[in-house]
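Visitor: To be precise about what I am sending: the file is called work-v7.csv and holds CSV, C-alpha atoms.
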chain,number,residue,atom,x,y,z
I,14,MET,CA,-7.0,20.1,-70.4
I,15,ALA,CA,-7.9,23.5,-71.5
I,16,HIS,CA,-11.5,24.2,-72.7
I,17,PRO,CA,-12.2,26.3,-75.8
I,18,SER,CA,-11.6,30.0,-75.5
I,19,GLN,CA,-10.0,29.5,-72.1
I,20,LEU,CA,-7.9,32.5,-71.0
I,21,GLY,CA,-6.8,31.5,-67.4
I,22,PHE,CA,-4.8,28.6,-66.0
I,23,GLN,CA,-6.0,25.0,-66.0
I,24,ASP,CA,-6.9,23.5,-62.7
I,25,ALA,CA,-3.7,22.5,-60.7
I,26,ALA,CA,-2.8,18.9,-60.5
I,27,SER,CA,0.4,19.3,-58.5
I,28,PRO,CA,1.3,21.3,-55.3
I,29,VAL,CA,3.7,23.5,-57.3
I,30,MET,CA,1.0,24.5,-59.7
I,31,GLU,CA,-1.3,25.3,-56.8
I,32,GLU,CA,1.3,27.6,-55.4
I,33,LEU,CA,1.7,29.2,-58.9
I,34,LEU,CA,-2.1,29.8,-59.1
I,35,HIS,CA,-2.1,31.4,-55.7
I,36,PHE,CA,0.8,33.6,-56.6
I,37,HIS,CA,-0.9,34.6,-59.8
I,38,ASP,CA,-4.1,35.6,-57.8
I,39,HIS,CA,-1.8,37.7,-55.5
I,40,ALA,CA,-0.1,39.5,-58.4
I,41,LEU,CA,-3.3,40.0,-60.2
I,42,MET,CA,-4.9,41.7,-57.2
I,43,ILE,CA,-2.0,44.1,-57.0
I,44,VAL,CA,-2.2,44.8,-60.8
I,45,PHE,CA,-6.0,45.4,-60.3
I,46,LEU,CA,-5.3,47.9,-57.5
I,47,ILE,CA,-2.7,49.7,-59.5
I,48,SER,CA,-5.0,49.9,-62.5
I,49,THR,CA,-7.8,51.4,-60.5
I,50,LEU,CA,-5.3,53.9,-59.0
I,51,VAL,CA,-4.2,54.9,-62.5
I,52,LEU,CA,-7.7,55.2,-63.7
I,53,TYR,CA,-8.7,57.3,-60.8
I,54,ILE,CA,-5.7,59.6,-61.3
I,55,ILE,CA,-6.5,60.0,-65.0
I,56,VAL,CA,-10.1,61.0,-64.2
I,57,ALA,CA,-8.9,63.4,-61.6
I,58,MET,CA,-6.4,65.0,-63.9
I,59,VAL,CA,-9.0,65.4,-66.7
I,60,THR,CA,-11.7,66.8,-64.5
I,61,THR,CA,-9.7,69.2,-62.4
I,62,LYS,CA,-10.1,73.0,-62.8
I,63,LEU,CA,-6.8,73.7,-61.0
I,64,THR,CA,-3.8,74.7,-62.9
I,65,ASN,CA,-0.3,75.8,-61.9
I,66,LYS,CA,2.2,76.7,-64.6
I,67,PHE,CA,5.0,77.3,-62.1
I,68,ILE,CA,5.4,74.0,-60.2
I,69,LEU,CA,9.1,73.0,-60.1
I,70,ASP,CA,9.0,70.1,-57.6
I,71,SER,CA,7.0,68.6,-54.8
I,72,GLN,CA,8.8,66.6,-52.1
I,73,GLU,CA,5.7,64.8,-50.8
I,74,ILE,CA,4.4,63.4,-54.0
I,75,GLU,CA,7.9,62.4,-55.1
I,76,ILE,CA,8.5,60.5,-51.9
I,77,ILE,CA,5.1,58.7,-52.4
I,78,TRP,CA,5.8,57.7,-56.0
I,79,THR,CA,9.2,56.5,-55.1
I,80,LEU,CA,8.3,54.5,-52.0
I,81,LEU,CA,5.0,53.1,-53.1
I,82,PRO,CA,6.4,51.3,-56.2
I,83,ALA,CA,9.3,50.0,-54.1
I,84,ILE,CA,6.9,48.5,-51.5
I,85,ILE,CA,4.7,47.0,-54.2
I,86,LEU,CA,7.8,45.4,-55.9
I,87,ILE,CA,8.8,43.9,-52.6
I,88,LEU,CA,5.3,42.5,-52.0
I,89,ILE,CA,5.5,40.8,-55.4
I,90,ALA,CA,9.1,39.7,-55.2
I,91,LEU,CA,9.0,37.8,-51.9
I,92,PRO,CA,6.3,35.2,-52.8
I,93,SER,CA,7.8,35.0,-56.3
I,94,LEU,CA,11.3,34.1,-55.0
I,95,ARG,CA,9.7,31.6,-52.6
I,96,ILE,CA,8.0,29.8,-55.4
I,97,LEU,CA,11.1,30.0,-57.6
I,98,TYR,CA,13.1,28.1,-55.1
I,99,LEU,CA,10.2,25.7,-54.3
I,100,MET,CA,10.1,24.7,-57.9
I,101,ASP,CA,13.8,23.8,-57.9
I,102,GLU,CA,13.5,21.4,-55.0
I,103,ILE,CA,13.9,17.7,-55.9
I,104,ASN,CA,13.0,15.6,-52.9
I,105,ASP,CA,14.0,11.9,-53.3
I,106,PRO,CA,12.1,10.9,-56.4
I,107,HIS,CA,10.5,7.5,-56.5
I,108,LEU,CA,10.9,7.2,-60.3
I,109,THR,CA,13.0,8.7,-62.9
I,110,ILE,CA,11.8,8.9,-66.5
I,111,LYS,CA,13.7,10.1,-69.5
I,112,ALA,CA,11.7,12.1,-72.0
I,113,MET,CA,13.4,12.5,-75.4
I,114,GLY,CA,12.2,14.8,-78.0
I,115,HIS,CA,12.3,13.8,-81.6
I,116,GLN,CA,10.9,15.3,-84.8
I,117,TRP,CA,8.0,14.9,-84.2
I,118,TYR,CA,7.2,12.7,-81.3
I,119,TRP,CA,8.3,12.0,-77.7
I,120,SER,CA,9.9,8.9,-76.4
I,121,TYR,CA,9.9,7.8,-72.8
I,122,GLU,CA,12.4,5.5,-71.0
I,123,TYR,CA,11.7,3.9,-67.6
I,124,THR,CA,15.1,2.4,-66.8
I,125,ASP,CA,15.1,2.4,-63.0
I,126,TYR,CA,14.1,-1.3,-62.7
I,127,GLU,CA,13.6,-2.8,-66.1
I,128,ASP,CA,14.5,-1.6,-69.6
I,129,LEU,CA,11.1,-0.1,-70.7
I,130,GLY,CA,11.0,2.4,-73.5
I,131,PHE,CA,8.3,3.5,-76.0
I,132,ASP,CA,7.5,6.2,-78.4
I,133,SER,CA,4.5,8.5,-78.1
I,134,TYR,CA,3.0,9.7,-81.3
I,135,MET,CA,0.0,12.0,-81.7
I,136,VAL,CA,-3.2,10.2,-82.7
I,137,PRO,CA,-4.1,11.6,-86.2
I,138,THR,CA,-7.5,13.4,-86.4
I,139,GLN,CA,-9.0,10.8,-88.6
I,140,ASP,CA,-8.1,8.0,-86.2
I,141,LEU,CA,-9.7,9.6,-83.1
I,142,THR,CA,-12.4,7.7,-81.3
I,143,PRO,CA,-15.4,9.6,-79.9
I,144,GLY,CA,-14.5,11.4,-76.7
I,145,GLN,CA,-10.8,11.8,-77.6
I,146,PHE,CA,-9.3,15.3,-78.0
I,147,ARG,CA,-8.0,16.5,-81.3
I,148,LEU,CA,-4.3,17.3,-81.5
I,149,LEU,CA,-3.8,16.2,-77.9
I,150,GLU,CA,-4.1,12.4,-77.7
I,151,THR,CA,-1.2,10.1,-78.1
I,152,ASP,CA,-0.9,6.4,-78.8
I,153,HIS,CA,1.1,5.7,-75.7
I,154,ARG,CA,0.8,7.8,-72.5
I,155,MET,CA,3.4,8.5,-70.0
I,156,VAL,CA,1.9,6.6,-67.0
I,157,ILE,CA,3.1,7.5,-63.5
I,158,PRO,CA,2.0,6.5,-60.0
I,159,VAL,CA,-0.1,9.2,-58.3
I,160,GLU,CA,1.2,11.1,-55.3
I,161,SER,CA,4.8,9.9,-55.9
I,162,PRO,CA,7.7,12.3,-56.6
I,163,ILE,CA,8.7,11.8,-60.2
I,164,ARG,CA,11.9,13.1,-61.8
I,165,VAL,CA,11.9,13.7,-65.6
I,166,LEU,CA,15.1,14.0,-67.5
I,167,VAL,CA,14.5,15.9,-70.7
I,168,SER,CA,16.6,15.9,-73.7
I,169,ALA,CA,16.3,15.8,-77.5
I,170,GLU,CA,17.7,13.7,-80.3
I,171,ASP,CA,17.7,16.3,-83.1
I,172,VAL,CA,16.5,19.9,-82.6
I,173,LEU,CA,15.2,21.9,-79.7
I,174,HIS,CA,11.9,20.8,-78.1
I,175,SER,CA,10.2,21.6,-74.8
I,176,TRP,CA,8.4,19.2,-72.6
I,177,ALA,CA,5.5,21.0,-71.0
I,178,VAL,CA,2.4,20.0,-69.0
I,179,PRO,CA,0.5,23.2,-67.8
I,180,SER,CA,-1.7,21.5,-65.2
I,181,LEU,CA,1.4,20.1,-63.5
I,182,GLY,CA,3.3,23.4,-63.7
I,183,VAL,CA,6.1,21.8,-65.6
I,184,LYS,CA,8.0,23.1,-68.6
I,185,MET,CA,11.6,22.1,-69.5
I,186,ASP,CA,13.5,22.6,-72.6
I,187,ALA,CA,14.8,19.6,-74.5
I,188,VAL,CA,18.2,20.5,-75.8
I,189,PRO,CA,20.3,18.0,-77.9
I,190,GLY,CA,23.4,17.0,-76.0
I,191,ARG,CA,22.1,18.3,-72.7
I,192,LEU,CA,20.2,16.6,-69.9
I,193,ASN,CA,17.7,18.9,-68.1
I,194,GLN,CA,16.0,17.8,-64.9
I,195,THR,CA,12.6,18.6,-63.6
I,196,ALA,CA,10.4,17.0,-60.9
I,197,PHE,CA,6.8,17.0,-59.9
I,198,ILE,CA,4.2,15.2,-57.8
I,199,THR,CA,0.6,14.7,-59.0
I,200,SER,CA,-1.9,15.4,-56.3
I,201,ARG,CA,-4.7,13.5,-57.9
I,202,PRO,CA,-5.2,10.7,-60.4
I,203,GLY,CA,-6.1,11.8,-63.9
I,204,VAL,CA,-4.9,12.5,-67.4
I,205,PHE,CA,-2.9,15.7,-68.0
I,206,TYR,CA,-2.2,17.1,-71.4
I,207,GLY,CA,0.6,19.2,-72.8
I,208,GLN,CA,2.2,20.2,-76.0
I,209,CYS,CA,5.7,20.7,-77.3
I,210,SER,CA,6.7,24.3,-76.4
I,211,GLU,CA,9.7,25.0,-78.6
I,212,ILE,CA,9.5,25.5,-82.3
I,213,CYS,CA,10.9,22.4,-83.9
I,214,GLY,CA,9.8,22.2,-87.5
I,215,ALA,CA,6.7,21.5,-89.6
I,216,ASN,CA,4.9,19.3,-87.1
I,217,HIS,CA,5.8,21.2,-83.9
I,218,SER,CA,2.1,21.6,-83.1
I,219,PHE,CA,1.5,17.9,-83.6
I,220,MET,CA,3.7,16.2,-80.9
I,221,PRO,CA,1.6,16.4,-77.7
I,222,ILE,CA,2.4,15.0,-74.3
I,223,VAL,CA,0.0,13.0,-72.2
I,224,VAL,CA,0.7,12.1,-68.6
I,225,GLU,CA,-1.6,9.6,-66.9
I,226,ALA,CA,-1.4,9.4,-63.1
I,227,VAL,CA,-2.8,6.1,-61.7
I,228,PRO,CA,-2.6,4.3,-58.4
I,229,LEU,CA,0.6,2.3,-57.9
I,230,GLU,CA,-1.0,-1.0,-58.4
I,231,HIS,CA,-2.3,0.0,-61.8
I,232,PHE,CA,1.1,1.5,-62.7
I,233,GLU,CA,2.8,-1.8,-61.9
I,234,ASN,CA,0.2,-3.7,-64.0
I,235,TRP,CA,0.8,-1.2,-66.9
I,236,SER,CA,4.6,-1.5,-66.8
I,237,PHE,CA,4.3,-5.3,-66.7
I,238,ILE,CA,2.1,-5.3,-69.8
I,239,MET,CA,4.3,-2.8,-71.6
I,240,LEU,CA,7.4,-4.9,-70.9
I,241,GLN,CA,5.6,-8.0,-72.2
I,242,ASP,CA,4.6,-6.2,-75.4
I,243,ALA,CA,8.1,-4.8,-76.0
T,15,MET,CA,-18.6,36.6,-69.4
T,16,ALA,CA,-18.8,32.9,-69.8
T,17,GLU,CA,-21.3,30.8,-67.8
T,18,GLU,CA,-20.1,27.5,-66.4
T,19,GLU,CA,-22.1,24.6,-67.5
T,20,ASP,CA,-21.3,22.4,-64.6
T,21,GLY,CA,-23.0,24.6,-62.0
T,22,GLN,CA,-20.0,26.5,-60.7
T,23,ALA,CA,-20.4,30.2,-60.0
T,24,LYS,CA,-20.5,32.5,-63.1
T,25,GLU,CA,-17.2,34.3,-63.5
T,26,PHE,CA,-17.3,38.1,-63.0
T,27,LYS,CA,-14.2,39.9,-63.9
T,28,LEU,CA,-13.6,43.4,-62.5
T,29,LEU,CA,-11.9,45.6,-65.1
T,30,GLY,CA,-11.9,42.5,-67.2
T,31,ILE,CA,-9.1,40.9,-65.3
T,32,LEU,CA,-9.9,40.0,-61.7
T,33,ASP,CA,-12.4,37.1,-61.4
T,34,VAL,CA,-14.0,38.0,-58.0
T,35,GLN,CA,-16.2,34.9,-58.0
T,36,ARG,CA,-13.6,32.2,-58.3
T,37,THR,CA,-10.5,33.8,-56.8
T,38,PRO,CA,-10.4,33.0,-53.0
T,39,CYS,CA,-10.6,36.2,-50.8
T,40,ALA,CA,-11.1,38.5,-53.9
T,41,ARG,CA,-14.8,39.1,-53.4
T,42,ASP,CA,-14.4,39.8,-49.6
T,43,ALA,CA,-11.5,42.1,-50.2
T,44,ILE,CA,-13.3,44.2,-52.8
T,45,LEU,CA,-16.5,44.4,-50.6
T,46,HIS,CA,-14.4,45.5,-47.6
T,47,GLY,CA,-12.6,48.0,-49.8
T,48,ALA,CA,-15.9,49.4,-51.0
T,49,GLY,CA,-17.1,49.8,-47.4
T,50,GLY,CA,-13.9,51.3,-46.2
T,51,SER,CA,-13.9,53.7,-49.2
T,52,VAL,CA,-17.5,54.9,-48.4
T,53,ALA,CA,-16.7,55.2,-44.7
T,54,ALA,CA,-13.5,57.1,-45.2
T,55,GLY,CA,-14.9,59.5,-47.8
T,56,VAL,CA,-18.1,60.3,-45.9
T,57,LEU,CA,-16.2,60.8,-42.6
T,58,TYR,CA,-13.7,63.1,-44.2
T,59,PHE,CA,-16.5,65.1,-46.0
T,60,LEU,CA,-18.4,65.5,-42.7
T,61,ALA,CA,-15.3,66.8,-41.0
T,62,THR,CA,-14.0,69.1,-43.7
T,63,SER,CA,-16.8,69.6,-46.3
T,64,ARG,CA,-14.2,69.3,-49.1
T,65,VAL,CA,-15.8,67.4,-51.9
T,66,LYS,CA,-12.9,66.6,-54.2
T,67,ARG,CA,-10.5,65.8,-51.4
T,68,SER,CA,-13.2,63.5,-49.9
T,69,PHE,CA,-13.2,61.5,-53.1
T,70,ASP,CA,-9.4,61.3,-52.9
T,71,VAL,CA,-9.6,60.1,-49.3
T,72,GLY,CA,-12.3,57.7,-50.3
T,73,PHE,CA,-10.2,56.2,-53.0
T,74,ALA,CA,-7.2,55.9,-50.6
T,75,GLY,CA,-9.5,54.1,-48.2
T,76,PHE,CA,-10.6,51.7,-50.9
T,77,PHE,CA,-6.9,51.0,-51.8
T,78,LEU,CA,-5.7,50.4,-48.3
T,79,THR,CA,-8.8,48.5,-47.0
T,80,THR,CA,-8.7,46.2,-50.1
T,81,LEU,CA,-5.0,45.5,-49.7
T,82,GLY,CA,-5.3,45.0,-46.0
T,83,SER,CA,-8.3,42.7,-46.2
T,84,TRP,CA,-6.7,40.8,-49.1
T,85,PHE,CA,-3.4,40.1,-47.2
T,86,TYR,CA,-5.2,39.1,-44.0
T,87,CYS,CA,-7.5,36.7,-45.8
T,88,ARG,CA,-4.7,35.2,-48.0
T,89,ILE,CA,-2.4,34.6,-45.0
T,90,HIS,CA,-5.3,32.9,-43.2
T,91,HIS,CA,-6.1,30.9,-46.4
T,92,ALA,CA,-2.5,29.8,-46.8
T,93,LYS,CA,-2.4,28.6,-43.1
T,94,LEU,CA,-5.7,26.6,-43.8
T,95,ARG,CA,-4.2,25.0,-46.8
T,96,VAL,CA,-1.1,23.9,-44.9
T,97,GLN,CA,-3.4,22.5,-42.2
T,98,GLN,CA,-5.5,20.7,-44.8
T,99,ARG,CA,-2.4,19.1,-46.3
T,100,LEU,CA,-1.2,18.0,-42.8
T,101,ILE,CA,-4.7,16.5,-42.1
T,102,GLN,CA,-4.7,14.7,-45.4
T,103,GLU,CA,-1.2,13.3,-44.7
T,104,GLY,CA,-2.4,12.3,-41.2
T,105,ILE,CA,-5.5,10.5,-42.5
T,106,LYS,CA,-3.4,8.7,-45.1
T,107,ASN,CA,-0.8,7.6,-42.6
T,108,LYS,CA,-3.5,6.5,-40.1
T,109,VAL,CA,-5.1,4.3,-42.7
T,110,MET,CA,-1.7,2.9,-43.8
T,111,TYR,CA,-0.1,2.4,-40.3
T,112,GLU,CA,-3.1,1.4,-38.2
T,113,GLY,CA,-2.2,-1.5,-36.0
T,114,THR,CA,1.5,-1.3,-36.8
T,115,ALA,CA,4.4,0.0,-34.7
T,116,LEU,CA,4.2,3.3,-36.6
T,117,ASP,CA,0.5,4.0,-35.7
T,118,PRO,CA,0.5,7.6,-34.5
T,119,THR,CA,-2.6,7.1,-32.3
T,120,LYS,CA,-1.1,4.2,-30.4
T,121,ASN,CA,-0.9,4.9,-26.7
T,122,PRO,CA,2.8,4.6,-25.6
T,123,LYS,CA,1.8,3.9,-21.9
T,124,SER,CA,0.2,0.6,-22.9
T,125,GLU,CA,3.5,-0.6,-24.3
T,126,ALA,CA,5.6,0.2,-21.2
T,127,PRO,CA,6.9,-3.0,-19.5
T,128,SER,CA,5.2,-3.7,-16.1
T,129,GLY,CA,7.4,-3.1,-13.0
T,130,PRO,CA,8.2,-5.7,-10.4
T,131,SER,CA,5.2,-6.8,-8.4
Please express the file's structure as structure tokens.

Guide:
Amino acid sequence: MAHPSQLGFQDAASPVMEELLHFHDHALMIVFLISTLVLYIIVAMVTTKLTNKFILDSQEIEIIWTLLPAIILILIALPSLRILYLMDEINDPHLTIKAMGHQWYWSYEYTDYEDLGFDSYMVPTQDLTPGQFRLLETDHRMVIPVESPIRVLVSAEDVLHSWAVPSLGVKMDAVPGRLNQTAFITSRPGVFYGQCSEICGANHSFMPIVVEAVPLEHFENWSFIMLQDA
Amino acid sequence: MAEEEDGQAKEFKLLGILDVQRTPCARDAILHGAGGSVAAGVLYFLATSRVKRSFDVGFAGFFLTTLGSWFYCRIHHAKLRVQQRLIQEGIKNKVMYEGTALDPTKNPKSEAPSGPS
């Protein structure tokens, strides 16, 4: 999860998010170099004693400031498009989960093998136990097996919502009457937090998402317990 | 600039945006750029004695050296990451398939049927 006053990305928990982090580093370095170039040019313009009131054109500089931006854009676009298509790959998921957005909670359905479904409400602040995170914890987490491709089908029952988990690099709009698909693989076990990312009413800020990635055996035990309790 | 409580390197952001401590290859690229900038600027000045143009050449040297070092390091880093993933997969498969027909380290010659004596 994010720490207070955090500006940057959270640590990646999926291969796609790792790629996004690396692309962000790449784009940021290019932005940094352009910023230093602009800063240098500003200082040079302000401090020069040279003036020429009769310049009409200059072929050399115009070629440079046409070609250089084109080259920079290509350098940014190529890795960007690579990641864009990488994010759309869905490689034989092991599990399909339906995430349905409601006002104001998420419900998850695991219907591949048995009929397992449950609602996931935010834990109110007054009910938190020590060590839990305010406005992020839920009563039931979406538990998944680690290092397994997971497909999530996202939709909504009432208004627009959005299912987002930043550390997994996942965000998908939940549209009533539409089924959106996204997929991810968790690289490591852990608990990953997200929040609804489309304004959906008074409690839009109070319907978080918690994904818990556990070894397969624990996932099987958890699903057995959840089916018994249902 | 926030200090990390868990002992990781302090973050240091150039121009307030580029964290050179925690971004792979950033620190090396900037240092190479600084060296290239000084070298280009000084050499041009020694050759031409033009002060202002030497600064321009120095900056161009910084830009190109940083960019070149960055790309070289990042490509190498990306190849290392791919190798790391392959090695991790290999270790996982070795543990899972050891002793079975799918064991990647099994010697195929030991499985060949013996010829007529």

Visitor: Mind checking which residues fall within 7 Å of Ala40 in chain I, counting only C-alpha atoms, ignoring those fewer than 4 positions away in the same chain, and posting them as a list of chain:residue names?

Guide: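 Contacts, with the query itself left out: I:Phe36, I:Val44, I:Ile89.
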
Visitor: Could you please take those selected residues and save C-alpha atoms as an mmCIF file, in the coordinates of the input?

Guide:
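Now in selection_11.cif:
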data_model
loop_
_atom_site.group_PDB
_atom_site.id
_atom_site.type_symbol
_atom_site.label_atom_id
_atom_site.label_comp_id
_atom_site.auth_asym_id
_atom_site.auth_seq_id
_atom_site.Cartn_x
_atom_site.Cartn_y
_atom_site.Cartn_z
ATOM 1 C CA PHE I 36 0.800 33.600 -56.600
ATOM 2 C CA VAL I 44 -2.200 44.800 -60.800
ATOM 3 C CA ILE I 89 5.500 40.800 -55.400
#

Visitor: Which residues of chain I sit at most 7 Å from chain T, using only C-alpha atoms? Give each one's shortest atom pair and distance in Å (one decimal place), in chain and ascending residue order, as JSON lines.

Guide:
{"residue": "I:Asp38", "atom": "CA", "partner": "T:Thr37", "partner_atom": "CA", "distance": 6.7}
{"residue": "I:Leu41", "atom": "CA", "partner": "T:Leu32", "partner_atom": "CA", "distance": 6.8}
{"residue": "I:Met42", "atom": "CA", "partner": "T:Leu32", "partner_atom": "CA", "distance": 6.9}
{"residue": "I:Phe45", "atom": "CA", "partner": "T:Leu32", "partner_atom": "CA", "distance": 6.8}
{"residue": "I:Leu46", "atom": "CA", "partner": "T:Phe77", "partner_atom": "CA", "distance": 6.7}

Visitor: Quick one: residues within 8 Å of range 105-120 of chain I, only C-alpha atoms, excluding same-chain residues fewer than 3 positions away - as a PDB file with C-alpha atoms, keeping the file's coordinate frame?

Guide:
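This is the output file around-v3.pdb:
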ATOM      1  CA  TYR I 123      11.700   3.900 -67.600  1.00  0.00           C
ATOM      2  CA  THR I 124      15.100   2.400 -66.800  1.00  0.00           C
ATOM      3  CA  ASP I 125      15.100   2.400 -63.000  1.00  0.00           C
ATOM      4  CA  GLY I 130      11.000   2.400 -73.500  1.00  0.00           C
ATOM      5  CA  PHE I 131       8.300   3.500 -76.000  1.00  0.00           C
ATOM      6  CA  ASP I 132       7.500   6.200 -78.400  1.00  0.00           C
ATOM      7  CA  SER I 133       4.500   8.500 -78.100  1.00  0.00           C
ATOM      8  CA  TYR I 134       3.000   9.700 -81.300  1.00  0.00           C
ATOM      9  CA  MET I 135       0.000  12.000 -81.700  1.00  0.00           C
ATOM     10  CA  SER I 161       4.800   9.900 -55.900  1.00  0.00           C
ATOM     11  CA  PRO I 162       7.700  12.300 -56.600  1.00  0.00           C
ATOM     12  CA  ILE I 163       8.700  11.800 -60.200  1.00  0.00           C
ATOM     13  CA  ARG I 164      11.900  13.100 -61.800  1.00  0.00           C
ATOM     14  CA  VAL I 165      11.900  13.700 -65.600  1.00  0.00           C
ATOM     15  CA  LEU I 166      15.100  14.000 -67.500  1.00  0.00           C
ATOM     16  CA  VAL I 167      14.500  15.900 -70.700  1.00  0.00           C
ATOM     17  CA  SER I 168      16.600  15.900 -73.700  1.00  0.00           C
ATOM     18  CA  ALA I 169      16.300  15.800 -77.500  1.00  0.00           C
ATOM     19  CA  GLU I 170      17.700  13.700 -80.300  1.00  0.00           C
ATOM     20  CA  ASP I 171      17.700  16.300 -83.100  1.00  0.00           C
ATOM     21  CA  VAL I 172      16.500  19.900 -82.600  1.00  0.00           C
ATOM     22  CA  LEU I 173      15.200  21.900 -79.700  1.00  0.00           C
ATOM     23  CA  HIS I 174      11.900  20.800 -78.100  1.00  0.00           C
ATOM     24  CA  SER I 175      10.200  21.600 -74.800  1.00  0.00           C
ATOM     25  CA  TRP I 176       8.400  19.200 -72.600  1.00  0.00           C
ATOM     26  CA  ALA I 187      14.800  19.600 -74.500  1.00  0.00           C
ATOM     27  CA  ALA I 196      10.400  17.000 -60.900  1.00  0.00           C
ATOM     28  CA  CYS I 213      10.900  22.400 -83.900  1.00  0.00           C
ATOM     29  CA  GLY I 214       9.800  22.200 -87.500  1.00  0.00           C
ATOM     30  CA  ASN I 216       4.900  19.300 -87.100  1.00  0.00           C
ATOM     31  CA  HIS I 217       5.800  21.200 -83.900  1.00  0.00           C
ATOM     32  CA  PHE I 219       1.500  17.900 -83.600  1.00  0.00           C
ATOM     33  CA  MET I 220       3.700  16.200 -80.900  1.00  0.00           C
ATOM     34  CA  PRO I 221       1.600  16.400 -77.700  1.00  0.00           C
ATOM     35  CA  ILE I 222       2.400  15.000 -74.300  1.00  0.00           C
TER      36      ILE I 222
END

Visitor: Just how far from CA of Cys209 in chain I is CA of Leu20 in chain I, in Å to one decimal?

Guide: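 A separation of 19.1 Å between them.
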
Visitor: May I ask which of the residues I:Ile74, I:Ile212, I:Leu52, I:Ile198 is the closest one to Asp186 in chain I, counting only C-alpha atoms?

Guide: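 Using only C-alpha atoms, the shortest distance to Asp186 in chain I belongs to I:Ile212.
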
Visitor: Considering all atoms listed in the file, return as number ranges by chain whatever protein or nucleic-acid residues lie within 8 Å of Arg201 in chain I, sequence-local ones (same chain, fewer than 4 positions apart) excluded.

Guide: I: 26-27, 159-160, 226

Visitor: Rank nothing, just name the residue among T:Ala115, T:Ser68, T:Gly75, T:Phe26 nearest to Gly50 in chain T, using only C-alpha atoms.

Guide: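 Smallest distance to Gly50 in chain T is found for T:Gly75.
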
Visitor: Please report the interatomic distance between CA of Pro179 in chain I and CA of Gly207 in chain I in Å with one decimal.

Guide: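 Distance reported for this atom pair: 6.4 Å.
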
Visitor: Compare I:Leu88, I:Ala15, I:Ile76, I:Leu94 by their minimum atom-to-atom distance to Glu32 in chain I, counting only C-alpha atoms, and give me the closest one.

Guide: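 Of all the options, I:Leu94 lies closest to Glu32 in chain I.
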
Visitor: Could you work out how far CA of Gly190 in chain I lies from CA of Glu225 in chain I, giving the answer in Å with one decimal?

Guide: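 Between CA of Glu225 in chain I and CA of Gly190 in chain I the gap is 27.6 Å.
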
Visitor: List every protein, DNA or RNA residue with an atom no more than 10 Å from (3.5, 26.1, -55.1) in the file's coordinates, counting all atoms listed in the file, and format the result as JSON, numbers by chain.

Guide: {"I": [25, 27, 28, 29, 30, 31, 32, 33, 34, 35, 36, 92, 93, 95, 96, 97, 98, 99, 100, 182]}

Visitor: For the residues in the current selection, export C-alpha atoms as a PDB file, in the coordinates of the input.

Guide:
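So result32.pdb came out as:
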ATOM      1  CA  ALA I  25      -3.700  22.500 -60.700  1.00  0.00           C
ATOM      2  CA  SER I  27       0.400  19.300 -58.500  1.00  0.00           C
ATOM      3  CA  PRO I  28       1.300  21.300 -55.300  1.00  0.00           C
ATOM      4  CA  VAL I  29       3.700  23.500 -57.300  1.00  0.00           C
ATOM      5  CA  MET I  30       1.000  24.500 -59.700  1.00  0.00           C
ATOM      6  CA  GLU I  31      -1.300  25.300 -56.800  1.00  0.00           C
ATOM      7  CA  GLU I  32       1.300  27.600 -55.400  1.00  0.00           C
ATOM      8  CA  LEU I  33       1.700  29.200 -58.900  1.00  0.00           C
ATOM      9  CA  LEU I  34      -2.100  29.800 -59.100  1.00  0.00           C
ATOM     10  CA  HIS I  35      -2.100  31.400 -55.700  1.00  0.00           C
ATOM     11  CA  PHE I  36       0.800  33.600 -56.600  1.00  0.00           C
ATOM     12  CA  PRO I  92       6.300  35.200 -52.800  1.00  0.00           C
ATOM     13  CA  SER I  93       7.800  35.000 -56.300  1.00  0.00           C
ATOM     14  CA  ARG I  95       9.700  31.600 -52.600  1.00  0.00           C
ATOM     15  CA  ILE I  96       8.000  29.800 -55.400  1.00  0.00           C
ATOM     16  CA  LEU I  97      11.100  30.000 -57.600  1.00  0.00           C
ATOM     17  CA  TYR I  98      13.100  28.100 -55.100  1.00  0.00           C
ATOM     18  CA  LEU I  99      10.200  25.700 -54.300  1.00  0.00           C
ATOM     19  CA  MET I 100      10.100  24.700 -57.900  1.00  0.00           C
ATOM     20  CA  GLY I 182       3.300  23.400 -63.700  1.00  0.00           C
TER      21      GLY I 182
END

Visitor: Using all atoms listed in the file, find the one residue out of I:Phe197, I:Val223, I:Ala215, I:Gln19 that sits nearest to Glu150 in chain I.

Guide: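 With all atoms listed in the file as the atom set, the closest residue is I:Val223.
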